[in-house]
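Engineer: File name input28.cif; file contents mmCIF, C-alpha atoms and all ligand atoms; full text below.
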```cif
data_input
#
loop_
_atom_site.label_atom_id
_atom_site.label_comp_id
_atom_site.auth_asym_id
_atom_site.auth_seq_id
_atom_site.Cartn_x
_atom_site.Cartn_y
_atom_site.Cartn_z
CA MET E 1 9.51 -13.92 -9.82
CA LYS E 2 9.37 -13.73 -13.57
CA ILE E 3 7.47 -10.74 -14.94
CA ARG E 4 5.98 -11.50 -18.33
CA SER E 5 3.57 -8.59 -18.40
CA VAL E 6 2.33 -5.81 -16.18
CA GLU E 7 -0.33 -3.19 -16.68
CA PHE E 8 -2.29 -0.68 -14.68
CA ALA E 9 -5.65 -2.27 -13.91
CA ARG E 10 -7.66 0.21 -11.83
CA ALA E 11 -7.63 2.90 -9.18
CA ALA E 12 -10.00 2.00 -6.36
CA PRO E 13 -10.86 4.94 -4.09
CA THR E 14 -13.42 2.94 -2.07
CA TRP E 15 -14.06 -0.59 -0.83
CA ALA E 16 -16.83 -1.06 -3.40
CA ALA E 17 -14.40 -0.27 -6.21
CA LEU E 18 -12.00 -3.14 -5.40
CA PRO E 19 -11.81 -5.84 -8.09
CA ASP E 20 -13.99 -8.90 -7.72
CA ASP E 21 -12.11 -11.40 -9.88
CA GLY E 22 -10.43 -13.01 -6.86
CA ARG E 23 -6.86 -12.86 -8.19
CA PRO E 24 -4.25 -12.91 -5.39
CA GLU E 25 -3.13 -9.49 -4.14
CA PHE E 26 0.13 -8.24 -2.65
CA ALA E 27 -0.03 -4.84 -1.01
CA PHE E 28 2.57 -2.16 -0.37
CA VAL E 29 1.74 -0.07 2.68
CA GLY E 30 3.59 2.58 4.62
CA ARG E 31 3.79 6.26 5.40
CA SER E 32 3.57 8.80 2.66
CA ASN E 33 6.79 9.24 0.69
CA VAL E 34 8.40 6.06 2.06
CA GLY E 35 8.84 4.72 -1.48
CA LYS E 36 5.88 2.38 -2.11
CA SER E 37 5.30 3.36 -5.73
CA SER E 38 9.03 3.37 -6.46
CA LEU E 39 9.44 -0.12 -5.01
CA LEU E 40 6.61 -1.42 -7.15
CA ASN E 41 8.23 0.08 -10.25
CA ALA E 42 11.62 -1.37 -9.40
CA LEU E 43 10.11 -4.76 -8.74
CA VAL E 44 8.49 -4.97 -12.16
CA GLY E 45 11.32 -3.13 -13.92
CA ARG E 46 9.12 -0.30 -15.22
CA LYS E 47 10.38 3.03 -13.96
CA HIS E 48 7.33 5.09 -14.72
CA LEU E 49 4.46 2.66 -14.22
CA ALA E 50 3.28 3.86 -10.79
CA ARG E 51 3.44 7.62 -10.27
CA THR E 52 6.08 8.69 -7.78
CA SER E 53 6.88 12.09 -6.36
CA GLY E 54 9.14 13.93 -3.95
CA THR E 55 5.96 15.50 -2.59
CA PRO E 56 4.09 13.21 -0.20
CA GLY E 57 0.53 12.23 -1.02
CA LYS E 58 1.06 11.24 -4.64
CA THR E 59 -0.93 8.01 -4.53
CA GLN E 60 -4.58 8.78 -3.76
CA ALA E 61 -6.39 5.46 -4.20
CA LEU E 62 -5.64 1.75 -4.07
CA ASN E 63 -3.89 1.39 -7.38
CA TYR E 64 -4.04 -2.09 -8.87
CA TYR E 65 -1.38 -3.43 -11.24
CA LEU E 66 -2.08 -6.70 -12.97
CA VAL E 67 0.97 -8.92 -13.41
CA ASN E 68 1.39 -11.90 -15.76
CA ALA E 69 -2.13 -11.90 -17.16
CA PRO E 70 -1.90 -10.86 -20.78
CA THR E 71 -5.04 -9.19 -22.09
CA ALA E 72 -5.91 -12.35 -24.03
CA ASP E 73 -6.22 -14.29 -20.74
CA ARG E 74 -8.40 -11.72 -19.05
CA GLY E 75 -11.28 -14.14 -18.84
CA GLY E 76 -9.14 -16.65 -16.96
CA LEU E 77 -7.68 -16.36 -13.51
CA GLU E 78 -4.03 -16.22 -14.36
CA GLY E 79 -1.80 -13.61 -12.78
CA PHE E 80 -1.93 -11.54 -9.63
CA TYR E 81 -2.20 -7.94 -8.47
CA LEU E 82 0.35 -5.66 -6.92
CA VAL E 83 -1.53 -3.01 -4.97
CA ASP E 84 -0.02 0.41 -4.35
CA LEU E 85 -1.73 2.02 -1.35
CA PRO E 86 -2.07 5.71 -0.47
CA GLY E 87 0.39 6.96 2.13
CA PHE E 88 -0.77 6.04 5.62
CA GLY E 89 -1.66 9.10 7.68
CA TYR E 90 -0.85 11.63 5.02
CA ALA E 91 -1.23 14.93 6.85
CA LYS E 92 -1.95 17.39 4.07
CA VAL E 93 -5.40 16.17 3.15
CA SER E 94 -8.45 17.06 5.25
CA GLN E 95 -8.92 15.26 8.57
CA GLN E 96 -11.96 13.58 7.10
CA GLN E 97 -10.14 12.33 4.02
CA ARG E 98 -7.24 11.15 6.16
CA ALA E 99 -9.58 9.26 8.51
CA ALA E 100 -11.43 7.74 5.55
CA TRP E 101 -8.20 6.40 4.01
CA GLN E 102 -7.02 5.09 7.33
CA ARG E 103 -10.30 3.20 7.71
CA LEU E 104 -10.10 1.88 4.17
CA ILE E 105 -6.48 0.75 4.61
CA GLY E 106 -7.41 -0.82 7.98
CA ARG E 107 -10.32 -2.69 6.47
CA TYR E 108 -8.28 -3.70 3.45
CA VAL E 109 -5.46 -5.32 5.46
CA THR E 110 -7.82 -7.11 7.85
CA GLU E 111 -10.74 -8.18 5.65
CA ARG E 112 -9.63 -8.37 2.06
CA ALA E 113 -10.06 -12.01 1.05
CA PRO E 114 -7.66 -12.21 -1.94
CA LEU E 115 -4.84 -10.52 0.01
CA ARG E 116 -1.84 -12.86 0.27
CA ALA E 117 0.74 -10.64 1.95
CA VAL E 118 1.44 -7.11 3.09
CA PHE E 119 4.79 -5.45 2.51
CA HIS E 120 5.15 -2.83 5.22
CA LEU E 121 7.64 -0.21 4.06
CA ILE E 122 9.75 1.77 6.51
CA ASP E 123 12.30 4.43 5.59
CA SER E 124 15.69 2.96 6.46
CA ARG E 125 17.11 6.38 7.32
CA HIS E 126 14.78 7.11 10.21
CA GLU E 127 13.55 5.64 13.45
CA PRO E 128 10.09 4.16 12.98
CA ALA E 129 7.88 7.15 13.84
CA LYS E 130 4.45 7.43 15.42
CA LEU E 131 2.70 6.65 12.16
CA ASP E 132 4.82 3.53 11.63
CA GLU E 133 3.91 2.48 15.14
CA GLU E 134 0.19 3.00 14.41
CA LEU E 135 0.56 1.01 11.25
CA PHE E 136 2.31 -1.86 13.06
CA GLU E 137 -0.62 -1.95 15.49
CA LEU E 138 -3.18 -1.85 12.69
CA LEU E 139 -1.39 -4.60 10.78
CA ARG E 140 -1.33 -6.81 13.84
CA GLY E 141 -4.98 -7.45 13.02
CA SER E 142 -4.12 -8.69 9.54
CA PRO E 143 -4.48 -12.44 8.98
CA VAL E 144 -1.89 -12.56 6.17
CA PRO E 145 1.92 -12.74 6.32
CA ARG E 146 3.67 -9.41 6.71
CA ILE E 147 7.13 -8.51 5.56
CA ALA E 148 8.98 -5.44 6.82
CA VAL E 149 10.77 -3.65 3.99
CA LEU E 150 13.42 -1.05 4.72
CA THR E 151 13.53 1.41 1.80
CA LYS E 152 16.11 3.81 0.32
CA ALA E 153 19.08 1.75 1.52
CA ASP E 154 21.24 3.45 -1.15
CA LYS E 155 21.32 6.43 1.22
CA LEU E 156 23.11 4.40 3.89
CA SER E 157 26.68 3.23 4.41
CA LYS E 158 27.40 -0.46 4.90
CA ASN E 159 27.62 -0.02 8.66
CA GLN E 160 24.44 2.01 8.81
CA ARG E 161 22.61 -0.70 6.90
CA ARG E 162 23.59 -3.31 9.43
CA SER E 163 22.69 -1.10 12.36
CA ARG E 164 19.33 0.03 10.90
CA GLU E 165 18.36 -3.56 10.23
CA ALA E 166 19.40 -4.67 13.73
CA HIS E 167 17.55 -1.72 15.19
CA LEU E 168 14.32 -2.61 13.41
CA LYS E 169 14.67 -6.20 14.54
CA ARG E 170 14.90 -5.05 18.18
CA TYR E 171 12.04 -2.60 17.68
CA LEU E 172 9.83 -5.38 16.35
CA ALA E 173 10.90 -7.88 19.00
CA ALA E 174 10.03 -5.35 21.71
CA ARG E 175 6.50 -5.31 20.28
CA GLY E 176 6.22 -9.05 20.04
CA GLN E 177 6.41 -8.96 16.26
CA ASP E 178 8.68 -11.34 14.48
CA LEU E 179 8.65 -10.27 10.85
CA PRO E 180 11.12 -10.99 8.09
CA ILE E 181 13.06 -7.86 7.15
CA VAL E 182 14.18 -7.04 3.62
CA LEU E 183 16.59 -4.20 2.94
CA THR E 184 15.86 -2.53 -0.39
CA SER E 185 16.75 0.30 -2.73
CA ALA E 186 14.38 1.04 -5.58
CA GLU E 187 17.01 3.39 -6.96
CA LYS E 188 19.68 0.68 -7.18
CA ARG E 189 17.20 -2.17 -7.58
CA GLU E 190 18.50 -3.90 -4.49
CA GLY E 191 16.44 -6.43 -2.58
CA MET E 192 14.01 -6.91 -5.47
CA GLU E 193 14.83 -10.60 -5.88
CA GLU E 194 14.07 -11.18 -2.24
CA VAL E 195 10.74 -9.34 -2.46
CA GLY E 196 9.98 -11.35 -5.61
CA ARG E 197 10.81 -14.60 -3.80
CA TRP E 198 8.28 -13.79 -1.09
CA ILE E 199 5.64 -13.25 -3.72
CA ASP E 200 6.49 -16.54 -5.44
CA THR E 201 6.38 -18.37 -2.14
CA LEU E 202 3.05 -16.91 -1.08
CA LEU E 203 1.30 -17.21 -4.44
P1 LIG C 1 2.98 8.39 -1.58
O1 LIG C 1 2.35 7.86 -2.82
O2 LIG C 1 2.96 9.86 -1.47
O3 LIG C 1 2.44 7.72 -0.33
O4 LIG C 1 4.55 8.05 -1.62
P2 LIG C 1 5.30 6.68 -1.96
O5 LIG C 1 5.47 5.89 -0.71
O6 LIG C 1 4.64 5.98 -3.10
O7 LIG C 1 6.75 7.17 -2.38
P3 LIG C 1 7.36 7.38 -3.85
O8 LIG C 1 7.65 6.03 -4.47
O9 LIG C 1 6.53 8.33 -4.61
O10 LIG C 1 8.78 8.00 -3.50
C1 LIG C 1 8.90 9.17 -2.73
C2 LIG C 1 10.26 9.80 -2.98
O11 LIG C 1 11.30 8.96 -2.51
C3 LIG C 1 10.56 10.06 -4.45
O12 LIG C 1 11.23 11.30 -4.57
C4 LIG C 1 11.47 8.91 -4.84
O13 LIG C 1 12.35 9.23 -5.89
C5 LIG C 1 12.22 8.68 -3.54
N1 LIG C 1 12.67 7.27 -3.45
C6 LIG C 1 11.88 6.19 -3.51
N2 LIG C 1 12.61 5.06 -3.41
C7 LIG C 1 13.90 5.44 -3.29
C8 LIG C 1 15.14 4.72 -3.16
O14 LIG C 1 15.23 3.48 -3.13
N3 LIG C 1 16.26 5.48 -3.03
C9 LIG C 1 16.23 6.84 -3.04
N4 LIG C 1 17.38 7.47 -2.88
N5 LIG C 1 15.09 7.54 -3.18
C10 LIG C 1 13.94 6.85 -3.31
MG MG C 2 2.88 6.35 -4.03
#
```
As structure tokens - that is how I would like this structure written.
Structural biologist:
Amino acid sequence: MKIRSVEFARAAPTWAALPDDGRPEFAFVGRSNVGKSSLLNALVGRKHLARTSGTPGKTQALNYYLVNAPTADRGGLEGFYLVDLPGFGYAKVSQQQRAAWQRLIGRYVTERAPLRAVFHLIDSRHEPAKLDEELFELLRGSPVPRIAVLTKADKLSKNQRRSREAHLKRYLAARGQDLPIVLTSAEKREGMEEVGRWIDTLL
């Protein structure tokens, strides 16, 4: 994937606020703090484009980043969106807010017409937890290709990497889900080419 330009396009807190230009979308979903915003930044090579934070709950809307559509071409349909989603199941907001986001994320991954693929991020250091499990179930209803992305691999040894990847494969197989798995580190910019290849393939 060659990045010629990238810019923040909009923050959509509701379904009605999603763009209507029909450009293809690629979404990053996962629990809060798993590294969605960091992965997006690493992918486009812009460290501070999407806001990241050690405190969960940083991203509070569907944040749209427009790639390869220079301002001059805005009228055309060139380019695509990378969409940074709020953390799934973030606990520190009100129950109502949490339920509203979960509904919005659920609707987005199942009904959003321009969506081409969902990257489901899972922290490589931990067992998939209850929220990951819920997200796997929710994403089962998505009609688009899904790619499992293990994040923060720089925190693992070589052996741990192999075993975490094998573990996730078994975990998915046990649930009848056969997804490609990409091991990544936003910190070390590992796995970005592979993520980029998926985008190229699915565009
Ligand atoms: P929310 O927006 O709250 O849902 O979080 P997020 O999934 O967007 O996570 P974010 O990218 O903000 O990263 C959360 C924390 O993990 C930050 O402190 C990052 O620096 C750290 N982090 C993200 N990616 C990596 C990585 O590849 N390696 C390491 N070591 N830390 C990472
Ligand atoms: Mg974020």
Engineer: Identify which of the residues E:Trp15, E:Phe8, E:Phe28, E:Trp101 lies closest to Ala69 in chain E, counting all atoms listed in the file when measuring atom-to-atom distances.
Structural biologist: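 Closest to Ala69 in chain E, using all atoms listed in the file: E:Phe8.
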Engineer: Distance limit 6 Å, reference ligand LIG 1 (chain C), atoms considered: all atoms listed in the file. Which residues make the cut? Give them as a count of residues only.
Structural biologist: 23
Engineer: My list of candidates is E:Tyr64, E:Phe26, E:Tyr108, E:Trp198. Which is closest to Gly141 in chain E when distances are computed with all atoms listed in the file?
Structural biologist: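 Among E:Tyr64, E:Phe26, E:Tyr108, E:Trp198, it is E:Tyr108 that comes nearest to Gly141 in chain E.
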Engineer: Suppose you want the space between CA of Phe136 in chain E and CA of Gly196 in chain E; what is it in Å?
Structural biologist: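 Distance reported for this atom pair: 22.3 Å.
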Engineer: Using all atoms listed in the file for the distances, tell me which of E:Glu25, E:Glu78, E:Glu7, E:Asp84 is nearest to ligand MG 2 (chain C).
Structural biologist: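 Under the stated criterion, the closest residue is E:Asp84.
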Engineer: Can you pull out the residues contacting range 112-126 of chain E? Cut-off 6 Å, using all atoms listed in the file, and skip same-chain residues under 5 positions away; I want them as a list in words.
Structural biologist: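 Neighbouring residues, sequence-local ones excluded: Gly22, Pro24, Glu25, Phe26, Ala27, Phe28, Val29, Gly30, Val34, Val144, Pro145, Arg146, Ile147, Ala148, Val149, Leu150 and Thr151 of chain E.
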Engineer: By how many Å are CA of Arg170 in chain E and CA of Ala153 in chain E apart?
Structural biologist: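 These atoms are spaced 18.5 Å apart.
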Engineer: Counting all atoms listed in the file, which of E:Arg161, E:Arg189, E:Arg175, E:Arg46 gets nearest to Ser5 in chain E?
Structural biologist: E:Arg46
Engineer: For ligand MG 2 (chain C), which of E:Gln102, E:Gln177, E:Gln60, E:Thr14 is the closest residue, counting only C-alpha atoms and all ligand atoms?
Structural biologist: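 Checking each candidate against ligand MG 2 (chain C), we get E:Gln60 as the closest.
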Engineer: Please determine, counting all atoms listed in the file, which residue among E:Gln96, E:Ser142, E:Gln160, E:Asn63 has the shortest atom-to-atom distance to ligand MG 2 (chain C).
Structural biologist: E:Asn63
Engineer: Near Ile105 in chain E, counting only C-alpha atoms, which residues have an atom at most 8 Å away, once you skip same-chain residues fewer than 4 positions from it, shown as a PyMOL selection string?
Structural biologist: chain E and resi 85+88+101+109
